[in-house]
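Colleague: Just dropping this structure here.
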Amino acid sequence: MTATIIDGKAFAATVRTRVAEEVAALKETQGIVPGLAVVLVGEDPASQVYVRNKGKQTAEAGMASFEHKLDAATPEAELLALVDRLNADPAVHGILVQLPLPPQCDADKVINRISPAKDVDGFHISNVGLLGTGQKALVPCTPLGCLMMLRDHHGDLSGMEAVVVGRSNIVGKPMAQLLLGESCTVTIAHSRTRDLGEVCRRADILVAAVGRPEMIPGDWVKRGATVVDVGINRVGRADGSGKTRLVGDVHFDSAVAVAGAITPVPGGVGPMTIACLLANTVTACCRAHGLPEPQGLTV
Ligand code: GUN
């Protein structure tokens with residue numbers, strides 16, 4: 001048996017199409033254009049690529065895209081003042097400050113300065129608290145994308161045994177909260193978990209978000225389990241060519257032989273993250289205007 005490959009690229013395209021339909025309807029019926037502001041401080045190459053892709057896909061969905069690129073030496077007070085201006089700008093429905101920030105800017109302080117209603121990353125403590133208490137929140141994009149794929153594949157997740165490997169605020173913790181909200185039995189494991197393989201083998205749903213290339217081998221996967229690989233790690237090729245390739249946190253070739261379904265890297269979770277950012281921006285826009293929320297774009 002080999003696993004079903006869950007095509008995140010195709011699924012993300014369907015989410016983006018849904019977003020574009022909602023954006024067109026908002027324009028036509030309300031005269032509203034959802035707007036997303038992305039703030040990049042410094043010149044981290046990976047962040048520059050993300051920000052470029054976000055701007056491109058935002059525009060393709062018919063939304064307004066506002067990019068603010070600040071010098072790496074920007075003082076924290078200046079960044080906070082920009083966040084304040086974006087909070088007050090009615091054309092901006094979503095604000096994303098790209099992380100990591102340079103050392104002079106306190107990421108927690110900056111994130112918590114964003115209006116919770118515009119916090120399309122879902123990182124503000126208010127949104128974290130709302131998600132943790134099962135209330136309506138803006139949900140972090142990567143775990144939201146994972147949950148959309150899991151629901152699409154399984155339908156009802158109730159009663160399933162879920163193991164999330166990784167305890168970050170961006171993925172591991174909100175993923176666990178979302179799965180709990182689906183009535184899964186949830187374990188959060190991490191790099192220090194004792195007998196990690198044993199814990200992983202319990203999972204009907206195994207979410208890998210540790211950031212360590214190919215750390216989870218196939219023999220940690222229960223036969224028939226669904227594996228969601230959040231890792232995006234660049235490693236050298238074995239052929240000595242000096243070229244690199246992308247791998248996940250799961251050893252794909254051994255896991256695909258055991259799992260029931262698996263997300264590949266690239267082409268799995270990755271494309272869903274930006275699609276969910278666009279979805280969150282539309283959701284935030286509808287909430288800001290007191291309009292009914294589009295179905296299927298959030299949880
Ligand atoms: N840097 C890496 N991933 C993310 C993300 O999802 N949001 C933000 N703001 N920064 C990031």
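The chains in the structure tokens are called A, B, ... from first to last as shown; in each chain the residues are counted from 1, and the ligands are counted from 1 in the order shown.
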What residues of the protein or nucleic acid chains come within 7 Å of ligand 1 when you use only C-alpha atoms and all ligand atoms? Reply as a ChimeraX atom specification.

Modeller: /A:47,96-100,121,141-142,170

Colleague: Could you save the residues just selected, with all heavy atoms, as an mmCIF file, in the first residue's frame?

Modeller:
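out25.cif written:
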```cif
data_model
loop_
_atom_site.group_PDB
_atom_site.id
_atom_site.type_symbol
_atom_site.label_atom_id
_atom_site.label_comp_id
_atom_site.auth_asym_id
_atom_site.auth_seq_id
_atom_site.Cartn_x
_atom_site.Cartn_y
_atom_site.Cartn_z
ATOM 1 N N SER A 47 12.348 35.911 3.998
ATOM 2 C CA SER A 47 11.203 36.787 4.275
ATOM 3 C C SER A 47 10.844 37.597 3.038
ATOM 4 O O SER A 47 9.663 37.820 2.752
ATOM 5 C CB SER A 47 11.519 37.738 5.438
ATOM 6 O OG SER A 47 11.659 37.025 6.636
ATOM 7 N N LEU A 96 -0.093 42.115 8.603
ATOM 8 C CA LEU A 96 0.865 41.052 8.910
ATOM 9 C C LEU A 96 2.248 41.675 9.025
ATOM 10 O O LEU A 96 2.691 42.350 8.104
ATOM 11 C CB LEU A 96 0.853 40.010 7.781
ATOM 12 C CG LEU A 96 1.817 38.835 7.950
ATOM 13 C CD1 LEU A 96 1.203 37.566 7.399
ATOM 14 C CD2 LEU A 96 3.152 39.099 7.263
ATOM 15 N N VAL A 97 2.877 41.497 10.165
ATOM 16 C CA VAL A 97 4.267 41.922 10.336
ATOM 17 C C VAL A 97 5.124 40.669 10.193
ATOM 18 O O VAL A 97 5.005 39.727 11.000
ATOM 19 C CB VAL A 97 4.488 42.593 11.710
ATOM 20 C CG1 VAL A 97 5.960 42.963 11.880
ATOM 21 C CG2 VAL A 97 3.604 43.829 11.857
ATOM 22 N N GLN A 98 5.947 40.646 9.162
ATOM 23 C CA GLN A 98 6.731 39.440 8.883
ATOM 24 C C GLN A 98 7.748 39.195 9.999
ATOM 25 O O GLN A 98 8.461 40.106 10.421
ATOM 26 C CB GLN A 98 7.449 39.611 7.523
ATOM 27 C CG GLN A 98 8.217 38.400 7.052
ATOM 28 C CD GLN A 98 7.323 37.225 6.666
ATOM 29 O OE1 GLN A 98 6.194 37.403 6.233
ATOM 30 N NE2 GLN A 98 7.843 36.023 6.824
ATOM 31 N N LEU A 99 7.800 37.968 10.472
ATOM 32 C CA LEU A 99 8.775 37.558 11.479
ATOM 33 C C LEU A 99 9.872 36.740 10.802
ATOM 34 O O LEU A 99 9.608 36.119 9.775
ATOM 35 C CB LEU A 99 8.081 36.716 12.559
ATOM 36 C CG LEU A 99 6.908 37.406 13.284
ATOM 37 C CD1 LEU A 99 6.254 36.439 14.264
ATOM 38 C CD2 LEU A 99 7.380 38.664 14.001
ATOM 39 N N PRO A 100 11.075 36.699 11.285
ATOM 40 C CA PRO A 100 11.555 37.332 12.517
ATOM 41 C C PRO A 100 11.812 38.825 12.322
ATOM 42 O O PRO A 100 12.025 39.277 11.208
ATOM 43 C CB PRO A 100 12.873 36.588 12.772
ATOM 44 C CG PRO A 100 13.356 36.160 11.420
ATOM 45 C CD PRO A 100 12.124 35.890 10.616
ATOM 46 N N ASP A 121 -2.668 37.048 11.119
ATOM 47 C CA ASP A 121 -1.770 35.949 11.498
ATOM 48 C C ASP A 121 -2.344 35.148 12.673
ATOM 49 O O ASP A 121 -1.883 34.034 12.942
ATOM 50 C CB ASP A 121 -0.422 36.525 11.951
ATOM 51 C CG ASP A 121 0.670 36.411 10.908
ATOM 52 O OD1 ASP A 121 0.631 35.457 10.110
ATOM 53 O OD2 ASP A 121 1.576 37.267 10.908
ATOM 54 N N CYS A 141 -2.483 30.945 10.128
ATOM 55 C CA CYS A 141 -2.732 30.465 8.758
ATOM 56 C C CYS A 141 -2.272 29.025 8.515
ATOM 57 O O CYS A 141 -2.988 28.254 7.864
ATOM 58 C CB CYS A 141 -2.044 31.391 7.763
ATOM 59 S SG CYS A 141 -2.562 33.103 7.944
ATOM 60 N N THR A 142 -1.090 28.671 8.990
ATOM 61 C CA THR A 142 -0.587 27.322 8.679
ATOM 62 C C THR A 142 -1.449 26.239 9.342
ATOM 63 O O THR A 142 -1.903 25.307 8.650
ATOM 64 C CB THR A 142 0.901 27.191 9.057
ATOM 65 O OG1 THR A 142 1.632 28.171 8.315
ATOM 66 C CG2 THR A 142 1.443 25.815 8.747
ATOM 67 N N ILE A 170 3.354 29.495 16.541
ATOM 68 C CA ILE A 170 2.867 29.715 15.165
ATOM 69 C C ILE A 170 2.128 28.488 14.641
ATOM 70 O O ILE A 170 1.137 28.609 13.936
ATOM 71 C CB ILE A 170 4.050 30.100 14.236
ATOM 72 C CG1 ILE A 170 4.634 31.459 14.638
ATOM 73 C CG2 ILE A 170 3.640 30.109 12.773
ATOM 74 C CD1 ILE A 170 5.783 31.945 13.783
#
```

Colleague: What's the 12 Å shell around Ala284 (chain A), counting only C-alpha atoms, without same-chain residues fewer than 2 positions away, as a CSV table (one decimal) with all heavy atoms, in the first residue's frame?

Modeller:
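After the write, selection-v3.csv holds the following:
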```
chain,number,residue,atom,x,y,z
A,33,VAL,N,-13.4,46.9,-0.9
A,33,VAL,CA,-12.2,46.1,-1.4
A,33,VAL,C,-11.4,45.7,-0.2
A,33,VAL,O,-10.8,46.5,0.5
A,33,VAL,CB,-11.3,47.0,-2.3
A,33,VAL,CG1,-10.1,46.2,-2.8
A,33,VAL,CG2,-12.1,47.5,-3.5
A,34,PRO,N,-11.4,44.4,0.1
A,34,PRO,CA,-10.6,43.9,1.2
A,34,PRO,C,-9.1,44.3,1.0
A,34,PRO,O,-8.6,44.2,-0.1
A,34,PRO,CB,-10.7,42.4,1.3
A,34,PRO,CG,-12.0,42.1,0.5
A,34,PRO,CD,-12.0,43.2,-0.6
A,35,GLY,N,-8.4,44.7,2.1
A,35,GLY,CA,-7.0,45.2,2.0
A,35,GLY,C,-6.1,44.5,3.0
A,35,GLY,O,-6.5,44.3,4.1
A,36,LEU,N,-4.9,44.1,2.5
A,36,LEU,CA,-4.0,43.4,3.4
A,36,LEU,C,-2.7,44.2,3.4
A,36,LEU,O,-2.1,44.5,2.3
A,36,LEU,CB,-3.7,42.0,2.9
A,36,LEU,CG,-2.5,41.2,3.6
A,36,LEU,CD1,-2.9,41.0,5.1
A,36,LEU,CD2,-2.3,39.9,2.9
A,90,PRO,N,-9.0,52.6,7.4
A,90,PRO,CA,-10.2,51.8,7.1
A,90,PRO,C,-10.0,51.0,5.8
A,90,PRO,O,-10.7,50.0,5.6
A,90,PRO,CB,-11.3,52.8,6.9
A,90,PRO,CG,-10.6,54.1,6.7
A,90,PRO,CD,-9.3,54.1,7.3
A,91,ALA,N,-9.0,51.3,5.0
A,91,ALA,CA,-8.8,50.5,3.8
A,91,ALA,C,-8.0,49.2,4.1
A,91,ALA,O,-7.9,48.3,3.2
A,91,ALA,CB,-8.0,51.3,2.7
A,92,VAL,N,-7.5,49.1,5.3
A,92,VAL,CA,-6.6,47.9,5.7
A,92,VAL,C,-7.5,47.1,6.6
A,92,VAL,O,-7.9,47.5,7.7
A,92,VAL,CB,-5.4,48.4,6.4
A,92,VAL,CG1,-4.6,47.2,7.0
A,92,VAL,CG2,-4.4,49.2,5.5
A,93,HIS,N,-7.8,45.8,6.2
A,93,HIS,CA,-8.5,44.9,7.0
A,93,HIS,C,-7.7,43.8,7.7
A,93,HIS,O,-8.1,43.2,8.6
A,93,HIS,CB,-9.6,44.2,6.1
A,93,HIS,CG,-10.5,45.2,5.5
A,93,HIS,ND1,-10.4,45.6,4.2
A,93,HIS,CD2,-11.6,45.9,6.0
A,93,HIS,CE1,-11.3,46.5,3.9
A,93,HIS,NE2,-12.1,46.7,5.0
A,94,GLY,N,-6.5,43.6,7.1
A,94,GLY,CA,-5.6,42.7,7.7
A,94,GLY,C,-4.2,43.3,7.7
A,94,GLY,O,-3.7,44.0,6.8
A,95,ILE,N,-3.5,43.0,8.8
A,95,ILE,CA,-2.1,43.5,9.0
A,95,ILE,C,-1.2,42.2,9.3
A,95,ILE,O,-1.5,41.5,10.2
A,95,ILE,CB,-1.9,44.5,10.2
A,95,ILE,CG1,-2.9,45.7,9.9
A,95,ILE,CG2,-0.5,44.9,10.3
A,95,ILE,CD1,-3.0,46.6,11.1
A,115,SER,N,-4.3,45.6,16.0
A,115,SER,CA,-5.7,45.5,16.4
A,115,SER,C,-6.1,44.0,16.2
A,115,SER,O,-5.9,43.4,15.2
A,115,SER,CB,-6.6,46.3,15.5
A,115,SER,OG,-7.9,45.9,15.6
A,116,PRO,N,-6.6,43.3,17.3
A,116,PRO,CA,-7.0,41.9,17.2
A,116,PRO,C,-7.9,41.6,16.0
A,116,PRO,O,-7.8,40.6,15.3
A,116,PRO,CB,-7.7,41.6,18.5
A,116,PRO,CG,-7.2,42.6,19.4
A,116,PRO,CD,-6.9,43.9,18.6
A,117,ALA,N,-8.7,42.6,15.6
A,117,ALA,CA,-9.6,42.4,14.5
A,117,ALA,C,-8.9,42.4,13.1
A,117,ALA,O,-9.5,42.0,12.1
A,117,ALA,CB,-10.7,43.5,14.5
A,118,LYS,N,-7.7,42.9,13.1
A,118,LYS,CA,-6.9,43.0,11.9
A,118,LYS,C,-5.7,42.0,11.9
A,118,LYS,O,-4.9,41.9,11.0
A,118,LYS,CB,-6.4,44.4,11.6
A,118,LYS,CG,-7.5,45.4,11.4
A,118,LYS,CD,-6.9,46.8,10.9
A,118,LYS,CE,-8.0,47.8,10.7
A,118,LYS,NZ,-7.5,49.0,10.1
A,119,ASP,N,-5.6,41.2,13.0
A,119,ASP,CA,-4.5,40.3,13.2
A,119,ASP,C,-4.7,39.0,12.4
A,119,ASP,O,-5.0,38.0,12.9
A,119,ASP,CB,-4.4,40.0,14.7
A,119,ASP,CG,-3.5,38.9,15.0
A,119,ASP,OD1,-2.4,38.8,14.4
A,119,ASP,OD2,-3.8,38.1,15.9
A,120,VAL,N,-4.5,39.1,11.1
A,120,VAL,CA,-4.7,38.0,10.2
A,120,VAL,C,-3.7,36.8,10.4
A,120,VAL,O,-4.0,35.7,9.8
A,120,VAL,CB,-4.8,38.4,8.7
A,120,VAL,CG1,-6.1,39.1,8.4
A,120,VAL,CG2,-3.6,39.3,8.3
A,121,ASP,N,-2.7,37.0,11.1
A,121,ASP,CA,-1.8,35.9,11.5
A,121,ASP,C,-2.3,35.1,12.7
A,121,ASP,O,-1.9,34.0,12.9
A,121,ASP,CB,-0.4,36.5,12.0
A,121,ASP,CG,0.7,36.4,10.9
A,121,ASP,OD1,0.6,35.5,10.1
A,121,ASP,OD2,1.6,37.3,10.9
A,122,GLY,N,-3.3,35.8,13.4
A,122,GLY,CA,-3.8,35.1,14.6
A,122,GLY,C,-2.8,34.9,15.7
A,122,GLY,O,-2.9,34.0,16.6
A,136,LYS,N,-14.9,32.6,18.7
A,136,LYS,CA,-14.5,33.0,17.3
A,136,LYS,C,-13.3,33.9,17.3
A,136,LYS,O,-13.2,34.9,18.0
A,136,LYS,CB,-15.7,33.8,16.8
A,136,LYS,CG,-15.7,34.0,15.3
A,136,LYS,CD,-16.8,34.9,14.9
A,136,LYS,CE,-18.1,34.1,14.7
A,136,LYS,NZ,-19.0,34.8,13.7
A,137,ALA,N,-12.3,33.4,16.5
A,137,ALA,CA,-11.0,34.1,16.5
A,137,ALA,C,-10.5,34.3,15.1
A,137,ALA,O,-11.1,33.8,14.2
A,137,ALA,CB,-10.0,33.2,17.3
A,138,LEU,N,-9.4,35.0,14.9
A,138,LEU,CA,-8.6,34.8,13.7
A,138,LEU,C,-7.6,33.8,14.0
A,138,LEU,O,-6.9,33.8,15.0
A,138,LEU,CB,-8.0,36.2,13.3
A,138,LEU,CG,-9.0,37.1,12.6
A,138,LEU,CD1,-8.4,38.5,12.6
A,138,LEU,CD2,-9.4,36.7,11.2
A,139,VAL,N,-7.5,32.7,13.1
A,139,VAL,CA,-6.7,31.5,13.4
A,139,VAL,C,-5.4,31.5,12.6
A,139,VAL,O,-5.5,31.9,11.4
A,139,VAL,CB,-7.6,30.3,13.1
A,139,VAL,CG1,-6.8,29.0,13.3
A,139,VAL,CG2,-8.8,30.2,13.9
A,276,CYS,N,-4.7,30.7,3.1
A,276,CYS,CA,-5.4,31.0,4.4
A,276,CYS,C,-5.2,32.4,4.9
A,276,CYS,O,-6.1,33.0,5.5
A,276,CYS,CB,-5.0,30.0,5.5
A,276,CYS,SG,-5.7,28.3,5.1
A,277,LEU,N,-4.1,33.0,4.5
A,277,LEU,CA,-3.9,34.4,4.9
A,277,LEU,C,-4.9,35.3,4.1
A,277,LEU,O,-5.5,36.2,4.7
A,277,LEU,CB,-2.4,34.8,4.5
A,277,LEU,CG,-2.1,36.3,4.7
A,277,LEU,CD1,-2.1,36.7,6.1
A,277,LEU,CD2,-0.8,36.6,4.1
A,278,LEU,N,-5.1,34.9,2.8
A,278,LEU,CA,-6.1,35.7,2.0
A,278,LEU,C,-7.5,35.4,2.6
A,278,LEU,O,-8.3,36.3,2.7
A,278,LEU,CB,-6.0,35.2,0.6
A,278,LEU,CG,-4.7,35.3,-0.1
A,278,LEU,CD1,-4.8,34.9,-1.6
A,278,LEU,CD2,-4.1,36.7,-0.1
A,279,ALA,N,-7.7,34.2,3.0
A,279,ALA,CA,-9.1,33.8,3.5
A,279,ALA,C,-9.3,34.6,4.8
A,279,ALA,O,-10.4,35.1,5.0
A,279,ALA,CB,-9.1,32.3,3.8
A,280,ASN,N,-8.3,34.7,5.7
A,280,ASN,CA,-8.4,35.4,6.9
A,280,ASN,C,-8.7,36.9,6.7
A,280,ASN,O,-9.4,37.5,7.4
A,280,ASN,CB,-7.1,35.3,7.8
A,280,ASN,CG,-7.2,34.0,8.7
A,280,ASN,OD1,-8.2,33.3,8.8
A,280,ASN,ND2,-6.0,33.7,9.3
A,281,THR,N,-8.1,37.4,5.6
A,281,THR,CA,-8.3,38.9,5.3
A,281,THR,C,-9.7,39.1,4.9
A,281,THR,O,-10.3,40.1,5.3
A,281,THR,CB,-7.3,39.3,4.2
A,281,THR,OG1,-6.0,39.0,4.6
A,281,THR,CG2,-7.4,40.8,4.0
A,282,VAL,N,-10.3,38.2,4.1
A,282,VAL,CA,-11.7,38.3,3.7
A,282,VAL,C,-12.6,38.2,5.0
A,282,VAL,O,-13.5,39.0,5.2
A,282,VAL,CB,-12.1,37.3,2.6
A,282,VAL,CG1,-13.6,37.3,2.4
A,282,VAL,CG2,-11.3,37.6,1.4
A,286,CYS,N,-15.1,41.1,6.4
A,286,CYS,CA,-16.6,40.9,6.6
A,286,CYS,C,-17.0,41.2,8.0
A,286,CYS,O,-18.0,41.9,8.3
A,286,CYS,CB,-17.0,39.4,6.2
A,286,CYS,SG,-16.9,39.1,4.5
A,287,ARG,N,-16.2,40.7,9.0
A,287,ARG,CA,-16.5,41.0,10.4
A,287,ARG,C,-16.4,42.5,10.6
A,287,ARG,O,-17.3,43.1,11.4
A,287,ARG,CB,-15.5,40.3,11.3
A,287,ARG,CG,-15.7,38.8,11.4
A,287,ARG,CD,-14.7,38.1,12.3
A,287,ARG,NE,-14.8,36.7,12.2
A,287,ARG,CZ,-13.9,35.8,12.7
A,287,ARG,NH1,-12.9,36.2,13.3
A,287,ARG,NH2,-14.1,34.5,12.5
A,288,ALA,N,-15.4,43.2,10.0
A,288,ALA,CA,-15.3,44.7,10.3
A,288,ALA,C,-16.5,45.4,9.8
A,288,ALA,O,-16.9,46.4,10.4
A,288,ALA,CB,-14.0,45.2,9.6
A,289,HIS,N,-17.1,44.9,8.7
A,289,HIS,CA,-18.3,45.6,8.1
A,289,HIS,C,-19.6,45.0,8.6
A,289,HIS,O,-20.7,45.3,8.1
A,289,HIS,CB,-18.2,45.5,6.6
A,289,HIS,CG,-17.1,46.4,6.1
A,289,HIS,ND1,-17.3,47.8,5.9
A,289,HIS,CD2,-15.8,46.2,5.8
A,289,HIS,CE1,-16.2,48.3,5.4
A,289,HIS,NE2,-15.3,47.4,5.4
A,290,GLY,N,-19.6,44.1,9.6
A,290,GLY,CA,-20.8,43.5,10.1
A,290,GLY,C,-21.5,42.6,9.1
A,290,GLY,O,-22.7,42.5,9.1
A,291,LEU,N,-20.8,42.1,8.1
A,291,LEU,CA,-21.4,41.3,7.1
A,291,LEU,C,-21.3,39.8,7.4
A,291,LEU,O,-20.4,39.4,8.2
A,291,LEU,CB,-20.7,41.5,5.7
A,291,LEU,CG,-20.8,42.9,5.2
A,291,LEU,CD1,-19.8,43.2,4.0
A,291,LEU,CD2,-22.2,43.2,4.7
A,292,PRO,N,-22.2,38.9,6.9
A,292,PRO,CA,-22.0,37.5,7.2
A,292,PRO,C,-20.7,37.0,6.6
A,292,PRO,O,-20.2,37.4,5.6
A,292,PRO,CB,-23.2,36.9,6.4
A,292,PRO,CG,-23.9,37.9,5.6
A,292,PRO,CD,-23.3,39.3,6.0
A,293,GLU,N,-20.1,36.0,7.4
A,293,GLU,CA,-18.8,35.5,7.0
A,293,GLU,C,-19.0,34.5,5.9
A,293,GLU,O,-19.9,33.7,6.0
A,293,GLU,CB,-18.2,34.8,8.2
A,293,GLU,CG,-17.6,35.8,9.1
A,293,GLU,CD,-17.0,35.1,10.4
A,293,GLU,OE1,-16.6,34.0,10.3
A,293,GLU,OE2,-17.1,35.7,11.4
A,294,PRO,N,-18.1,34.5,4.9
A,294,PRO,CA,-18.1,33.5,3.9
A,294,PRO,C,-18.0,32.1,4.5
A,294,PRO,O,-17.2,31.9,5.4
A,294,PRO,CB,-17.0,33.8,3.0
A,294,PRO,CG,-16.3,35.1,3.5
A,294,PRO,CD,-17.0,35.4,4.8
A,297,LEU,N,-14.2,29.4,4.7
A,297,LEU,CA,-12.9,30.1,4.7
A,297,LEU,C,-12.3,30.2,6.1
A,297,LEU,O,-11.1,30.6,6.2
A,297,LEU,CB,-13.0,31.5,4.1
A,297,LEU,CG,-13.3,31.5,2.6
A,297,LEU,CD1,-13.3,32.9,2.1
A,297,LEU,CD2,-12.3,30.7,1.8
A,298,THR,N,-13.1,29.8,7.1
A,298,THR,CA,-12.5,29.7,8.4
A,298,THR,C,-13.2,28.6,9.2
A,298,THR,O,-14.0,27.9,8.7
A,298,THR,CB,-12.6,31.1,9.1
A,298,THR,OG1,-11.8,31.0,10.3
A,298,THR,CG2,-14.0,31.5,9.5
```

Colleague: Excluding region 187-194 of chain A and its own-chain neighbours fewer than 5 positions away, which residues fall within 10 Å of it when counting only C-alpha atoms? Please give them as a PyMOL selection string.

Modeller: chain A and resi 161-168+172-173+175-176+179-180+199-200+202-203+206-212+215

Colleague: Pick out the closest residue to Asp84 (chain A) from this set: A:Val23, A:Val110, A:Leu70, A:Val228. Count only C-alpha atoms.

Modeller: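 Looking at the shortest contact to Asp84 (chain A), the residue is A:Val110.
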
Colleague: Got a sec: who's within 12 Å of Met1 (chain A), counting only C-alpha atoms, leaving out chain neighbours fewer than 5 positions off, as a ChimeraX atom specification?

Modeller: /A:223-224,254-261

Colleague: Using only C-alpha atoms, which residues of region 101-162 of chain A come within 9 Å of region 73-80 of chain A, and what is the closest atom pair for each, with the distance in Å to one decimal? Give it as JSON lines, sorted by chain and residue number.

Modeller:
```
{"residue": "A:Pro102", "atom": "CA", "partner": "A:Ala73", "partner_atom": "CA", "distance": 7.7}
{"residue": "A:Gln104", "atom": "CA", "partner": "A:Glu76", "partner_atom": "CA", "distance": 6.3}
{"residue": "A:Cys105", "atom": "CA", "partner": "A:Glu76", "partner_atom": "CA", "distance": 4.7}
{"residue": "A:Asp106", "atom": "CA", "partner": "A:Glu76", "partner_atom": "CA", "distance": 7.3}
{"residue": "A:Lys109", "atom": "CA", "partner": "A:Leu80", "partner_atom": "CA", "distance": 8.5}
{"residue": "A:Val110", "atom": "CA", "partner": "A:Leu80", "partner_atom": "CA", "distance": 6.2}
{"residue": "A:Arg113", "atom": "CA", "partner": "A:Leu80", "partner_atom": "CA", "distance": 7.0}
{"residue": "A:Ile114", "atom": "CA", "partner": "A:Leu80", "partner_atom": "CA", "distance": 8.8}
```

Colleague: Would you output that residue set with N, CA and C atoms, as a JSON list (two decimals), in the first residue's frame?

Modeller:
```json
[["chain", "number", "residue", "atom", "x", "y", "z"],
["A", 102, "PRO", "N", 14.21, 42.26, 13.52],
["A", 102, "PRO", "CA", 15.56, 42.52, 14.04],
["A", 102, "PRO", "C", 15.53, 42.70, 15.56],
["A", 104, "GLN", "N", 16.27, 44.85, 17.80],
["A", 104, "GLN", "CA", 15.81, 46.05, 18.53],
["A", 104, "GLN", "C", 14.27, 46.12, 18.61],
["A", 105, "CYS", "N", 13.57, 45.25, 17.85],
["A", 105, "CYS", "CA", 12.10, 45.25, 17.87],
["A", 105, "CYS", "C", 11.61, 44.02, 18.62],
["A", 106, "ASP", "N", 10.83, 44.24, 19.66],
["A", 106, "ASP", "CA", 10.28, 43.14, 20.46],
["A", 106, "ASP", "C", 9.05, 42.58, 19.74],
["A", 109, "LYS", "N", 5.69, 42.58, 21.56],
["A", 109, "LYS", "CA", 5.15, 43.94, 21.72],
["A", 109, "LYS", "C", 4.52, 44.42, 20.40],
["A", 110, "VAL", "N", 5.22, 44.16, 19.30],
["A", 110, "VAL", "CA", 4.73, 44.62, 17.99],
["A", 110, "VAL", "C", 3.45, 43.87, 17.61],
["A", 113, "ARG", "N", 0.45, 44.97, 19.43],
["A", 113, "ARG", "CA", 0.01, 46.32, 19.10],
["A", 113, "ARG", "C", -1.01, 46.29, 17.94],
["A", 114, "ILE", "N", -0.98, 45.21, 17.14],
["A", 114, "ILE", "CA", -1.92, 45.08, 16.01],
["A", 114, "ILE", "C", -3.33, 44.94, 16.58]]
```

Colleague: Using DSSP assignments from the backbone, pull out every residue in region 63-280 of chain A that falls under helix (DSSP H, G or I) and give it to me as a VMD selection string.

Modeller: chain A and resid 76 to 88 107 to 111 116 to 118 125 to 132 141 to 154 172 to 181 196 to 200 218 to 220 252 to 255 269 to 280

Colleague: Give me, as a VMD selection string, all polymer residues having an atom no more than 12 Å from Lys69 (chain A), counting only C-alpha atoms and skipping those fewer than 5 positions away in the same chain.

Modeller: chain A and resid 37 to 44 47 to 48 51 to 52 74 79 82 97 to 98

Colleague: Report, in Å with one decimal, the straight-line distance from CA of Asp249 (chain A) to CA of Ile216 (chain A).

Modeller: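 Taking CA of Asp249 (chain A) and CA of Ile216 (chain A), their separation equals 6.2 Å.
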
Colleague: For the structure I just gave you, how does DSSP split region 44-209 of chain A - specifically, which residues are strand (DSSP E or B)? Reply as a list in words.

Modeller: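 Strand (DSSP E or B) members of region 44-209 of chain A, listed: Ala64, Ser65, Phe66, Glu67, His68, Lys69, Leu70, Gly94, Ile95, Leu96, Val97, Asp119, Glu161, Ala162, Val163, Val164, Val165, Thr185, Val186, Thr187, Ile188, Ala189, Ile205, Leu206, Val207 and Ala208 of chain A.
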
Colleague: Can you pull out every residue within 9 Å of Asn112 (chain A), counting only C-alpha atoms, but drop anything in the same chain fewer than 6 positions away, and send it as a list in words?

Modeller: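 Once the adjacent positions are removed, what remains is Asp119, Phe123, His124, Ile125 and Ser126 of chain A.
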
Colleague: Within 12 Å of Pro266 (chain A), counting only C-alpha atoms, which residues show up once you throw out same-chain ones fewer than 2 positions away? Write them as number ranges by chain, please.

Modeller: A: 5-9, 229-234, 245-249, 252, 262-264, 268-272
